[in-house]
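Source file: run01.txt. Holds: compact mmCIF, C-alpha atoms and all ligand atoms.
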```txt
# COMPACT_ATOMS: atom_id res chain seq x y z
CA MET A 24 31.42 9.49 27.59
CA LYS A 25 28.69 6.97 28.23
CA ASN A 26 26.97 5.51 25.21
CA LYS A 27 23.29 5.05 24.69
CA LYS A 28 22.98 1.27 24.79
CA LEU A 29 21.46 -0.39 21.76
CA VAL A 30 19.37 -3.37 22.83
CA MET A 31 20.23 -5.85 20.07
CA ILE A 32 18.89 -8.98 21.71
CA PRO A 33 16.11 -11.11 20.23
CA GLY A 34 13.48 -9.23 22.19
CA PRO A 35 12.83 -6.72 23.56
CA THR A 36 14.02 -4.91 20.45
CA PRO A 37 14.68 -1.16 20.12
CA VAL A 38 11.48 0.77 20.78
CA HIS A 39 10.96 3.72 18.45
CA ARG A 40 10.23 7.07 20.08
CA ARG A 41 6.80 7.17 18.42
CA ILE A 42 5.88 3.92 20.16
CA GLN A 43 7.43 4.96 23.48
CA ASN A 44 5.38 8.13 23.46
CA GLN A 45 2.18 6.06 23.47
CA MET A 46 3.34 4.43 26.70
CA GLY A 47 3.57 7.83 28.32
CA ARG A 48 0.07 8.96 27.44
CA GLU A 49 -2.44 9.59 30.15
CA THR A 50 -4.33 6.37 30.78
CA VAL A 51 -8.06 6.56 30.10
CA ALA A 52 -11.05 4.44 31.04
CA PHE A 53 -11.22 1.25 29.01
CA LYS A 54 -14.70 2.24 27.87
CA ASP A 55 -13.47 5.62 26.69
CA PRO A 56 -14.93 5.89 23.17
CA ASP A 57 -11.63 7.03 21.66
CA PHE A 58 -9.77 4.10 23.17
CA VAL A 59 -12.47 1.66 22.09
CA SER A 60 -12.20 2.92 18.55
CA ASP A 61 -8.38 2.68 18.65
CA PHE A 62 -8.63 -0.91 19.90
CA LYS A 63 -11.08 -1.78 17.12
CA GLU A 64 -8.81 -0.26 14.53
CA VAL A 65 -5.74 -2.20 15.60
CA LEU A 66 -7.71 -5.48 15.65
CA HIS A 67 -9.02 -4.76 12.16
CA ASP A 68 -5.58 -3.84 10.79
CA LEU A 69 -3.91 -6.92 12.24
CA LYS A 70 -6.44 -9.18 10.50
CA GLU A 71 -6.19 -7.37 7.22
CA LEU A 72 -2.40 -7.07 7.12
CA TRP A 73 -1.83 -10.76 7.84
CA ARG A 74 -4.69 -11.82 5.54
CA ALA A 75 -6.64 -13.66 8.21
CA LYS A 76 -10.24 -14.73 7.70
CA GLY A 77 -10.75 -15.80 11.29
CA GLU A 78 -10.25 -13.99 14.58
CA VAL A 79 -7.49 -12.04 16.25
CA PHE A 80 -6.91 -11.77 19.99
CA ILE A 81 -4.85 -9.13 21.77
CA VAL A 82 -4.38 -10.07 25.41
CA ALA A 83 -2.00 -8.89 28.13
CA GLY A 84 0.62 -11.56 28.64
CA THR A 85 3.80 -12.81 27.01
CA GLY A 86 4.56 -15.12 24.12
CA SER A 87 4.61 -18.13 26.42
CA MET A 88 1.02 -17.42 27.39
CA ALA A 89 0.11 -17.37 23.71
CA MET A 90 1.70 -20.83 23.36
CA GLU A 91 -0.59 -22.03 26.11
CA MET A 92 -3.60 -20.26 24.62
CA ALA A 93 -2.98 -21.91 21.24
CA VAL A 94 -3.02 -25.50 22.45
CA SER A 95 -5.60 -25.06 25.23
CA ASN A 96 -8.30 -24.04 22.78
CA LEU A 97 -7.66 -26.83 20.27
CA LEU A 98 -6.94 -29.95 22.30
CA GLN A 99 -8.24 -32.01 25.15
CA LYS A 100 -6.53 -34.40 27.52
CA GLY A 101 -5.39 -37.48 25.62
CA ASP A 102 -5.39 -35.86 22.15
CA ASN A 103 -2.41 -36.44 19.89
CA ILE A 104 -0.16 -33.51 19.11
CA LEU A 105 2.99 -33.38 17.02
CA ILE A 106 5.70 -30.94 18.03
CA VAL A 107 8.34 -30.03 15.48
CA SER A 108 11.22 -28.61 17.47
CA HIS A 109 14.24 -26.72 16.21
CA GLY A 110 15.49 -25.75 19.65
CA TYR A 111 14.66 -24.30 23.04
CA PHE A 112 11.29 -22.72 22.19
CA GLY A 113 10.12 -25.74 20.21
CA ASP A 114 10.95 -27.80 23.28
CA ARG A 115 8.94 -25.46 25.50
CA PHE A 116 5.82 -26.80 23.79
CA ILE A 117 6.74 -30.30 25.00
CA GLU A 118 6.51 -29.21 28.62
CA ILE A 119 3.30 -27.26 28.08
CA CYS A 120 1.64 -30.20 26.31
CA ASN A 121 2.87 -32.79 28.79
CA ASN A 122 1.45 -30.72 31.65
CA LYS A 123 -1.90 -30.76 29.89
CA ALA A 124 -1.73 -34.55 29.49
CA TYR A 125 -1.86 -34.55 25.70
CA GLN A 126 -0.26 -37.46 23.83
CA VAL A 127 2.93 -35.82 22.64
CA ASP A 128 5.09 -36.84 19.68
CA VAL A 129 8.22 -34.84 19.02
CA LEU A 130 10.39 -34.43 15.95
CA SER A 131 13.61 -32.64 16.84
CA SER A 132 16.49 -31.51 14.70
CA GLU A 133 20.11 -31.13 15.56
CA TRP A 134 20.57 -27.47 16.63
CA GLY A 135 21.18 -25.34 13.55
CA LYS A 136 19.31 -27.69 11.22
CA ILE A 137 15.65 -28.33 10.42
CA VAL A 138 13.53 -31.45 10.56
CA PRO A 139 13.22 -32.47 6.89
CA LEU A 140 9.76 -32.20 5.34
CA SER A 141 9.86 -35.87 4.38
CA VAL A 142 10.25 -36.83 8.05
CA ILE A 143 7.23 -34.69 9.01
CA GLU A 144 5.25 -36.26 6.17
CA GLU A 145 6.03 -39.79 7.33
CA LYS A 146 5.10 -38.93 10.91
CA LEU A 147 1.74 -37.45 9.90
CA LYS A 148 0.77 -40.80 8.38
CA GLU A 149 1.30 -42.60 11.67
CA LYS A 150 -1.72 -41.34 13.58
CA ASP A 151 -4.47 -38.80 13.77
CA PHE A 152 -2.85 -35.66 15.16
CA LYS A 153 -5.20 -32.95 16.38
CA ALA A 154 -2.52 -30.33 15.89
CA VAL A 155 1.06 -29.74 14.84
CA THR A 156 3.26 -27.02 16.31
CA VAL A 157 6.11 -25.39 14.43
CA THR A 158 8.32 -22.55 15.65
CA HIS A 159 8.82 -20.25 12.67
CA VAL A 160 12.11 -18.94 14.03
CA ASP A 161 13.60 -20.68 17.02
CA THR A 162 15.45 -17.97 18.88
CA SER A 163 17.89 -20.42 20.43
CA THR A 164 19.25 -21.51 17.05
CA GLY A 165 18.33 -18.75 14.59
CA VAL A 166 16.81 -21.43 12.38
CA ARG A 167 13.79 -20.64 10.22
CA ALA A 168 11.30 -23.45 9.63
CA PRO A 169 9.77 -23.94 6.17
CA VAL A 170 6.38 -22.78 7.41
CA LYS A 171 4.80 -22.41 3.99
CA GLU A 172 5.88 -25.87 2.83
CA ILE A 173 4.66 -27.53 6.04
CA GLY A 174 1.36 -25.69 5.59
CA ALA A 175 1.03 -27.09 2.07
CA LEU A 176 1.74 -30.57 3.41
CA LEU A 177 -0.93 -30.22 6.09
CA LYS A 178 -3.59 -29.38 3.52
CA GLY A 179 -3.84 -33.14 3.07
CA TYR A 180 -4.70 -33.56 6.77
CA ARG A 181 -7.88 -31.61 7.40
CA ASP A 182 -8.24 -32.69 11.00
CA THR A 183 -4.72 -31.61 11.95
CA LEU A 184 -4.65 -27.93 12.86
CA TYR A 185 -1.49 -25.98 12.20
CA ILE A 186 -0.04 -23.91 15.06
CA VAL A 187 2.83 -21.57 14.25
CA ASP A 188 4.89 -19.87 16.95
CA GLY A 189 5.68 -16.52 15.35
CA VAL A 190 7.09 -14.88 18.46
CA CYS A 191 10.48 -14.39 16.82
CA SER A 192 9.19 -13.95 13.26
CA THR A 193 5.84 -12.16 12.96
CA ALA A 194 6.24 -8.73 11.36
CA ALA A 195 9.65 -9.67 9.92
CA GLU A 196 9.50 -13.11 8.26
CA GLU A 197 6.96 -13.53 5.49
CA GLU A 198 3.76 -14.86 7.02
CA TYR A 199 0.27 -14.74 5.53
CA ILE A 200 -2.13 -16.76 7.56
CA ASP A 201 -4.66 -18.01 5.04
CA ASP A 202 -2.19 -18.35 2.16
CA MET A 203 0.06 -20.53 4.29
CA GLY A 204 -2.73 -22.67 5.73
CA ILE A 205 -1.98 -21.56 9.29
CA ASP A 206 -4.70 -22.16 11.91
CA ILE A 207 -3.05 -20.36 14.78
CA LEU A 208 -0.27 -17.82 14.58
CA PHE A 209 0.86 -15.92 17.62
CA THR A 210 3.49 -13.42 18.62
CA ALA A 211 4.46 -11.13 21.47
CA SER A 212 4.76 -7.36 21.41
CA GLN A 213 8.47 -7.10 22.23
CA LYS A 214 9.97 -8.88 19.25
CA ALA A 215 9.62 -7.90 15.59
CA LEU A 216 6.77 -5.48 16.30
CA GLY A 217 9.15 -3.34 18.35
CA VAL A 218 6.74 -2.65 21.22
CA PRO A 219 7.74 -3.05 24.89
CA PRO A 220 6.97 -6.48 26.42
CA GLY A 221 3.50 -7.16 27.80
CA LEU A 222 1.09 -8.12 25.03
CA MET A 223 0.46 -11.24 23.03
CA ILE A 224 -1.30 -11.30 19.69
CA LEU A 225 -2.92 -14.47 18.40
CA TRP A 226 -4.72 -15.13 15.11
CA ALA A 227 -7.10 -18.08 14.86
CA SER A 228 -8.54 -19.47 11.61
CA PRO A 229 -12.24 -20.29 11.21
CA GLU A 230 -11.26 -23.98 11.59
CA ALA A 231 -9.51 -23.23 14.87
CA MET A 232 -12.63 -21.42 16.11
CA ARG A 233 -14.79 -24.39 15.07
CA ARG A 234 -12.52 -26.74 17.01
CA ARG A 235 -12.91 -24.53 20.08
CA GLU A 236 -16.68 -24.81 19.72
CA GLN A 237 -16.51 -28.59 19.53
CA LEU A 238 -14.64 -28.73 22.83
CA ALA A 239 -17.55 -27.10 24.72
CA THR A 240 -15.74 -26.19 27.96
CA ILE A 241 -12.01 -26.09 28.53
CA GLN A 242 -10.10 -26.13 31.81
CA ASP A 243 -8.27 -22.89 31.21
CA TYR A 244 -9.91 -19.63 32.15
CA TYR A 245 -7.77 -16.61 31.27
CA VAL A 246 -6.69 -17.97 27.87
CA ASP A 247 -10.11 -19.25 26.78
CA PHE A 248 -11.04 -17.93 23.30
CA ASN A 249 -14.68 -17.83 24.36
CA LYS A 250 -13.96 -15.44 27.21
CA TRP A 251 -12.11 -12.97 24.98
CA LEU A 252 -14.01 -13.25 21.73
CA PRO A 253 -16.86 -10.92 22.75
CA ILE A 254 -14.28 -8.27 23.68
CA MET A 255 -12.42 -8.65 20.39
CA HIS A 256 -15.73 -8.13 18.60
CA GLU A 257 -16.77 -5.25 20.83
CA PRO A 258 -13.89 -3.80 22.88
CA SER A 259 -16.16 -1.72 25.10
CA LYS A 260 -17.23 -4.99 26.79
CA TYR A 261 -15.38 -6.28 29.82
CA PHE A 262 -13.66 -9.53 30.60
CA GLY A 263 -10.21 -8.51 31.86
CA THR A 264 -8.96 -4.92 31.85
CA PRO A 265 -7.19 -4.23 28.56
CA ALA A 266 -3.59 -3.00 28.76
CA ILE A 267 -4.59 0.42 27.45
CA ASN A 268 -1.20 2.05 26.92
CA MET A 269 0.24 -1.15 25.50
CA ILE A 270 -2.58 -1.33 22.99
CA TRP A 271 -1.89 2.25 21.96
CA ALA A 272 1.79 1.35 21.58
CA LEU A 273 0.84 -1.65 19.45
CA LYS A 274 -1.44 0.53 17.36
CA GLU A 275 1.44 2.92 16.70
CA ALA A 276 3.66 -0.01 15.70
CA VAL A 277 0.96 -1.20 13.30
CA GLU A 278 0.67 2.34 11.89
CA MET A 279 4.40 2.25 11.24
CA ILE A 280 4.03 -1.10 9.49
CA LYS A 281 1.27 0.32 7.31
CA GLU A 282 3.45 3.28 6.41
CA GLU A 283 6.35 1.01 5.50
CA GLY A 284 4.20 -1.70 3.89
CA LEU A 285 4.25 -5.22 5.34
CA GLU A 286 5.65 -6.77 2.19
CA LYS A 287 8.39 -4.11 2.06
CA ARG A 288 9.12 -4.77 5.71
CA PHE A 289 9.62 -8.48 4.95
CA ARG A 290 11.99 -7.58 2.11
CA ARG A 291 13.90 -5.08 4.29
CA HIS A 292 14.48 -7.76 6.91
CA GLU A 293 15.65 -10.24 4.26
CA LYS A 294 18.12 -7.81 2.76
CA ASP A 295 19.48 -6.60 6.09
CA ALA A 296 19.79 -10.12 7.47
CA PHE A 297 21.70 -11.40 4.45
CA ALA A 298 24.12 -8.46 4.67
CA ILE A 299 24.52 -8.74 8.45
CA GLN A 300 25.21 -12.45 8.20
CA LYS A 301 27.87 -11.83 5.55
CA ALA A 302 29.42 -9.19 7.82
CA ILE A 303 29.40 -11.49 10.84
CA GLU A 304 31.17 -14.18 8.80
CA ALA A 305 33.65 -11.63 7.46
CA LEU A 306 34.54 -10.85 11.08
CA GLY A 307 35.48 -14.49 11.69
CA PHE A 308 32.34 -15.89 13.35
CA LYS A 309 30.49 -19.00 12.26
CA ILE A 310 26.70 -18.92 12.10
CA LEU A 311 24.86 -21.70 13.90
CA ALA A 312 21.91 -21.93 11.50
CA GLN A 313 22.82 -23.70 8.31
CA GLU A 314 22.64 -21.74 5.07
CA GLY A 315 19.20 -21.83 3.52
CA ASN A 316 17.50 -22.01 6.93
CA ARG A 317 18.73 -18.77 8.45
CA SER A 318 16.18 -16.43 9.92
CA VAL A 319 15.94 -12.77 9.03
CA THR A 320 15.34 -11.78 12.66
CA LEU A 321 18.49 -12.83 14.47
CA THR A 322 21.94 -14.27 13.95
CA ASN A 323 23.59 -16.67 16.35
CA ALA A 324 27.31 -16.08 15.96
CA ILE A 325 29.67 -18.79 17.20
CA TYR A 326 32.93 -17.45 18.67
CA SER A 327 36.23 -18.42 17.19
CA GLU A 328 38.74 -20.14 19.47
CA GLY A 329 39.93 -18.09 22.42
CA ILE A 330 37.10 -15.59 22.76
CA ASP A 331 35.50 -15.64 26.18
CA ASP A 332 31.75 -15.14 25.99
CA LYS A 333 31.30 -13.14 29.20
CA GLU A 334 34.25 -10.88 28.46
CA PHE A 335 33.13 -10.35 24.86
CA ARG A 336 29.56 -9.43 25.78
CA SER A 337 30.57 -7.16 28.63
CA ILE A 338 33.06 -5.23 26.49
CA LEU A 339 30.50 -5.04 23.69
CA ALA A 340 28.07 -3.55 26.20
CA GLU A 341 30.71 -0.95 27.12
CA GLU A 342 30.94 -0.20 23.41
CA GLY A 343 27.22 0.42 23.43
CA VAL A 344 25.57 -2.78 22.22
CA VAL A 345 23.80 -5.42 24.26
CA VAL A 346 23.53 -8.90 22.73
CA ALA A 347 22.16 -12.11 24.25
CA ASP A 348 23.99 -15.22 25.37
CA GLY A 349 23.67 -18.69 23.89
CA LEU A 350 21.09 -21.13 25.23
CA GLY A 351 21.33 -24.83 26.09
CA PRO A 352 24.28 -26.59 24.48
CA TYR A 353 25.50 -23.28 23.02
CA SER A 354 25.69 -21.43 26.30
CA GLY A 355 29.09 -19.70 26.38
CA LYS A 356 29.78 -20.62 22.76
CA LEU A 357 27.89 -17.95 20.84
CA PHE A 358 26.11 -14.64 21.10
CA ARG A 359 22.67 -13.93 19.74
CA LEU A 360 22.28 -10.75 17.75
CA GLY A 361 18.72 -9.61 17.19
CA HIS A 362 18.09 -7.56 14.05
CA MET A 363 14.35 -7.29 13.79
CA GLY A 364 11.68 -4.67 14.08
CA ASN A 365 12.10 -0.95 13.87
CA ILE A 366 15.80 -0.67 13.22
CA ASP A 367 17.68 0.96 10.41
CA LYS A 368 21.11 1.18 8.81
CA HIS A 369 22.28 3.62 11.50
CA ILE A 370 21.63 1.09 14.20
CA ILE A 371 23.05 -1.82 12.23
CA THR A 372 26.28 -0.09 11.21
CA SER A 373 26.76 1.13 14.79
CA THR A 374 26.26 -2.41 16.03
CA LEU A 375 28.74 -3.92 13.59
CA SER A 376 31.26 -1.19 14.36
CA ALA A 377 30.92 -1.90 18.09
CA ILE A 378 31.54 -5.60 17.39
CA GLU A 379 34.74 -4.66 15.53
CA ARG A 380 35.95 -2.51 18.42
CA THR A 381 35.15 -5.33 20.82
CA LEU A 382 37.09 -7.89 18.80
CA TYR A 383 40.08 -5.53 18.84
CA ARG A 384 39.77 -5.05 22.60
CA VAL A 385 39.63 -8.79 23.32
CA GLY A 386 42.80 -9.23 21.29
CA VAL A 387 41.47 -10.62 18.03
CA GLU A 388 43.15 -9.39 14.89
CA VAL A 389 40.56 -7.33 13.09
CA GLU A 390 40.62 -5.10 10.08
CA PHE A 391 38.51 -2.11 11.06
CA GLY A 392 35.65 -1.54 8.67
CA GLN A 393 35.49 -5.13 7.48
CA GLY A 394 32.14 -5.85 9.09
CA VAL A 395 30.59 -2.48 8.33
CA GLY A 396 31.98 -2.55 4.79
CA THR A 397 30.66 -6.03 4.09
CA TYR A 398 27.26 -5.05 5.41
CA LEU A 399 27.06 -1.85 3.38
CA SER A 400 28.33 -3.35 0.17
CA ASN A 401 25.66 -6.04 0.41
CA VAL A 402 22.79 -3.88 1.57
CA MET A 403 23.31 -0.82 -0.63
CA LYS A 404 23.59 -2.67 -3.94
C1 LIG B 501 10.64 -15.13 22.99
C2 LIG B 501 10.00 -16.33 22.44
C3 LIG B 501 8.96 -16.99 23.11
C4 LIG B 501 8.52 -16.63 24.49
O1 LIG B 501 8.02 -15.37 24.55
P1 LIG B 501 7.91 -14.61 25.97
O2 LIG B 501 7.28 -13.33 25.60
O3 LIG B 501 9.30 -14.47 26.46
O4 LIG B 501 7.08 -15.46 26.85
C5 LIG B 501 8.35 -18.05 22.48
N1 LIG B 501 8.74 -18.46 21.27
C6 LIG B 501 9.75 -17.86 20.60
C7 LIG B 501 10.13 -18.35 19.26
C8 LIG B 501 10.41 -16.78 21.18
O5 LIG B 501 11.42 -16.19 20.52
```
Since I need it in another form, could you write the structure as structure tokens?
Amino acid sequence: MKNKKLVMIPGPTPVHRRIQNQMGRETVAFKDPDFVSDFKEVLHDLKELWRAKGEVFIVAGTGSMAMEMAVSNLLQKGDNILIVSHGYFGDRFIEICNNKAYQVDVLSSEWGKIVPLSVIEEKLKEKDFKAVTVTHVDTSTGVRAPVKEIGALLKGYRDTLYIVDGVCSTAAEEEYIDDMGIDILFTASQKALGVPPGLMILWASPEAMRRREQLATIQDYYVDFNKWLPIMHEPSKYFGTPAINMIWALKEAVEMIKEEGLEKRFRRHEKDAFAIQKAIEALGFKILAQEGNRSVTLTNAIYSEGIDDKEFRSILAEEGVVVADGLGPYSGKLFRLGHMGNIDKHIITSTLSAIERTLYRVGVEVEFGQGVGTYLSNVMK
């Protein structure tokens, strides 16, 4: 019998039937009054839920486009920017910013670790940075940055705007924009929101909007705040055709978050992640992210000696679970297990059970139930 495959990669994440159904709806005109009111509602809810005083943008595109949108609206050629990188996606900002001819300073950590706060503090004293970028959860390492603490630090640097890449964290890791001093937070639909890929969501603080005003014109067209702002204030206006069905899908995902409660959703992710990580360790894997800096959205599990990555992942897929491969220096050495968004204990126990069966099939001694049991005993108590 062929299994339904669980997509347990760090995005796209499993899409709930309620959200999928929105994708199948008959597409209407973008000025359709019902659609306009749906669009308004989702914009309003996103601001309120994440406690944002400024603006929110929903634009068709991926997380990488949001990265570009963030910096393009805050900096000009020659401006100083500090990039705090905990892996592959932190590094992506280096390329984006170099292409735009900003003056780039980078603080990188060893993969699995974070850049200490004291190092960031010292760096900030060196020059006048127009912005700092931090990846809340770097998907390549599974490391969570201390976003709140960095935000507190930056309160002493009024001219330095705080950009947080929340693509692998927003709607799972605790994030409140104003409380944390964030100027720009962005995510993409396919990660912890559990919507298919295709939309980016970006929040901008009043300070970020003021900076955009000071720049007058920018070189970028599609990602210009000023082009989209009138639409975000009045969605019946036109700039670029909104991704109607995607926006409905996002609205459904936001409805589901409201039903669950955002705070409860953060706590659910914390509890599940802790229990999953214990289970993964009980099954003999090592976790790349050091304890204390592990994300709640994914776990990067390093293979023990003798397990072949390709064989492991292909057998696991036969057992019904798709996981992602390692990136950069960890290619072939680990698998990345996403556990964010609209998943539940059914999905997680099935996933852990499939990992146990896979270990057995690749010839690793495994006590059946060890992973599932460890998970349940941690999550149920
Ligand atoms: C996935 C991801 C991105 C890129 O998002 P795309 O939608 O693939 O462009 C950026 N940052 C982080 C942290 C991510 O996990």
(message) Report as JSON, numbers by chain all protein, DNA and RNA residues lying within 6 Å of segment 76-91 of chain A, evaluated on all atoms listed in the file, omitting residues in the same chain fewer than 6 positions from it.
(response) {"A": [210, 211, 221, 222, 223, 224, 225, 226, 227, 228, 229]}
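Of note, atom CA of Pro56 of chain A and atom CA of Lys274 of chain A are spaced 15.6 Å apart.
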(request) Enter the distance from atom CA of Gly101 of chain A to atom CA of Phe209 of chain A, in Å, rounded to one decimal. (result) 23.8 Å
(message) Here is a test: counting only C-alpha atoms, which residue of A:Ile270, A:Ala298, A:Val170, A:Leu399 is nearest to Arg48 of chain A?
(response)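 Counting only C-alpha atoms, the residue closest to Arg48 of chain A is A:Ile270.
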(request) Would you mind telling me which residue in A:Gly307, A:Gly394, A:Gly113, A:Gly364 lies nearest to Pro219 of chain A when using all atoms listed in the file? (result)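 Comparing A:Gly307, A:Gly394, A:Gly113, A:Gly364 against Pro219 of chain A, the winner is A:Gly364.
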Put a box with edges along x, y and z around all the listed atoms of segment 151-154 of chain A, pad it by 6 Å on each side, then give me its centre and sizes in Å, one decimal, as JSON.
```
{"center_x": -3.9, "center_y": -34.6, "center_z": 15.1, "size_x": 14.7, "size_y": 20.5, "size_z": 14.6}
```
Within 12 Å of segment 333-343 of chain A, counting all atoms listed in the file, which residues qualify if same-chain residues fewer than 4 places away don't, as a PDB file with C-alpha atoms, keeping the file's coordinate frame?
```pdb
ATOM      1  CA  MET A  24      31.420   9.490  27.590  1.00  0.00           C
ATOM      2  CA  LYS A  25      28.690   6.970  28.230  1.00  0.00           C
ATOM      3  CA  ASN A  26      26.970   5.510  25.210  1.00  0.00           C
ATOM      4  CA  LYS A  27      23.290   5.050  24.690  1.00  0.00           C
ATOM      5  CA  LYS A  28      22.980   1.270  24.790  1.00  0.00           C
ATOM      6  CA  LEU A  29      21.460  -0.390  21.760  1.00  0.00           C
ATOM      7  CA  VAL A  30      19.370  -3.370  22.830  1.00  0.00           C
ATOM      8  CA  MET A  31      20.230  -5.850  20.070  1.00  0.00           C
ATOM      9  CA  ILE A  32      18.890  -8.980  21.710  1.00  0.00           C
ATOM     10  CA  ILE A 325      29.670 -18.790  17.200  1.00  0.00           C
ATOM     11  CA  TYR A 326      32.930 -17.450  18.670  1.00  0.00           C
ATOM     12  CA  SER A 327      36.230 -18.420  17.190  1.00  0.00           C
ATOM     13  CA  GLY A 329      39.930 -18.090  22.420  1.00  0.00           C
ATOM     14  CA  ALA A 347      22.160 -12.110  24.250  1.00  0.00           C
ATOM     15  CA  ASP A 348      23.990 -15.220  25.370  1.00  0.00           C
ATOM     16  CA  GLY A 349      23.670 -18.690  23.890  1.00  0.00           C
ATOM     17  CA  SER A 354      25.690 -21.430  26.300  1.00  0.00           C
ATOM     18  CA  GLY A 355      29.090 -19.700  26.380  1.00  0.00           C
ATOM     19  CA  LYS A 356      29.780 -20.620  22.760  1.00  0.00           C
ATOM     20  CA  LEU A 357      27.890 -17.950  20.840  1.00  0.00           C
ATOM     21  CA  PHE A 358      26.110 -14.640  21.100  1.00  0.00           C
ATOM     22  CA  ARG A 359      22.670 -13.930  19.740  1.00  0.00           C
ATOM     23  CA  LEU A 360      22.280 -10.750  17.750  1.00  0.00           C
ATOM     24  CA  ILE A 370      21.630   1.090  14.200  1.00  0.00           C
ATOM     25  CA  SER A 373      26.760   1.130  14.790  1.00  0.00           C
ATOM     26  CA  THR A 374      26.260  -2.410  16.030  1.00  0.00           C
ATOM     27  CA  LEU A 375      28.740  -3.920  13.590  1.00  0.00           C
ATOM     28  CA  SER A 376      31.260  -1.190  14.360  1.00  0.00           C
ATOM     29  CA  ALA A 377      30.920  -1.900  18.090  1.00  0.00           C
ATOM     30  CA  ILE A 378      31.540  -5.600  17.390  1.00  0.00           C
ATOM     31  CA  GLU A 379      34.740  -4.660  15.530  1.00  0.00           C
ATOM     32  CA  ARG A 380      35.950  -2.510  18.420  1.00  0.00           C
ATOM     33  CA  THR A 381      35.150  -5.330  20.820  1.00  0.00           C
ATOM     34  CA  LEU A 382      37.090  -7.890  18.800  1.00  0.00           C
ATOM     35  CA  TYR A 383      40.080  -5.530  18.840  1.00  0.00           C
ATOM     36  CA  ARG A 384      39.770  -5.050  22.600  1.00  0.00           C
ATOM     37  CA  VAL A 385      39.630  -8.790  23.320  1.00  0.00           C
ATOM     38  CA  GLY A 386      42.800  -9.230  21.290  1.00  0.00           C
ATOM     39  CA  VAL A 387      41.470 -10.620  18.030  1.00  0.00           C
TER      40      VAL A 387
END
```
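Between ligand LIG 501 (chain B) and the candidates A:Gly179, A:Pro258, A:Pro169, A:Gly361, the tightest atom-to-atom separation, counting only C-alpha atoms and all ligand atoms, involves A:Gly361.
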(request) Compare A:Leu184, A:Ala75, A:Leu273, A:Met46 by their minimum atom-to-atom distance to Tyr199 of chain A, counting only C-alpha atoms, and give me the closest one. (result) A:Ala75
(request) Could you check how far atom CA of Lys100 of chain A sits from atom CA of Tyr125 of chain A, in Å to one decimal? (result) 5.0 Å
(request) Would you list the contacts of Trp73 of chain A as a list in words, taking every protein, DNA or RNA residue within 9 Å and counting all atoms listed in the file, but skipping same-chain residues closer than 5 positions in sequence? (result) Asp68, Glu198, Tyr199, Ile200, Asp201, Trp226 and Leu285 of chain A
(request) Please provide the set of residues having any atom within 12 Å of Glu293 of chain A, restricted to only C-alpha atoms, with same-chain residues fewer than 3 positions apart removed, written as a count of residues only. (result) 25
(request) Enumerate, as a list of chain:residue names, the protein, DNA and RNA residues whose atoms approach (6.2, -29.2, 0.1) to within 12 Å, taking into account only C-alpha atoms and the coordinate frame of the file. (result)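 Every polymer residue passing the test: A:Pro139, A:Leu140, A:Ser141, A:Val142, A:Ile143, A:Glu144, A:Pro169, A:Val170, A:Lys171, A:Glu172, A:Ile173, A:Gly174, A:Ala175, A:Leu176, A:Leu177, A:Lys178, A:Gly179, A:Met203.
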(message) Measuring between only C-alpha atoms and all ligand atoms, which one of A:Asp57, A:Glu230, A:Asp331, A:Asp188 shows the shortest distance to ligand LIG 501 (chain B)?
(response)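 Once distances to ligand LIG 501 (chain B) are computed over only C-alpha atoms and all ligand atoms, the minimum belongs to A:Asp188.
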(request) Measuring atom to atom with all atoms listed in the file, identify which of A:Ile330, A:Met92, A:Ala154, A:Ile42 is nearest to ligand LIG 501 (chain B). (result) A:Met92
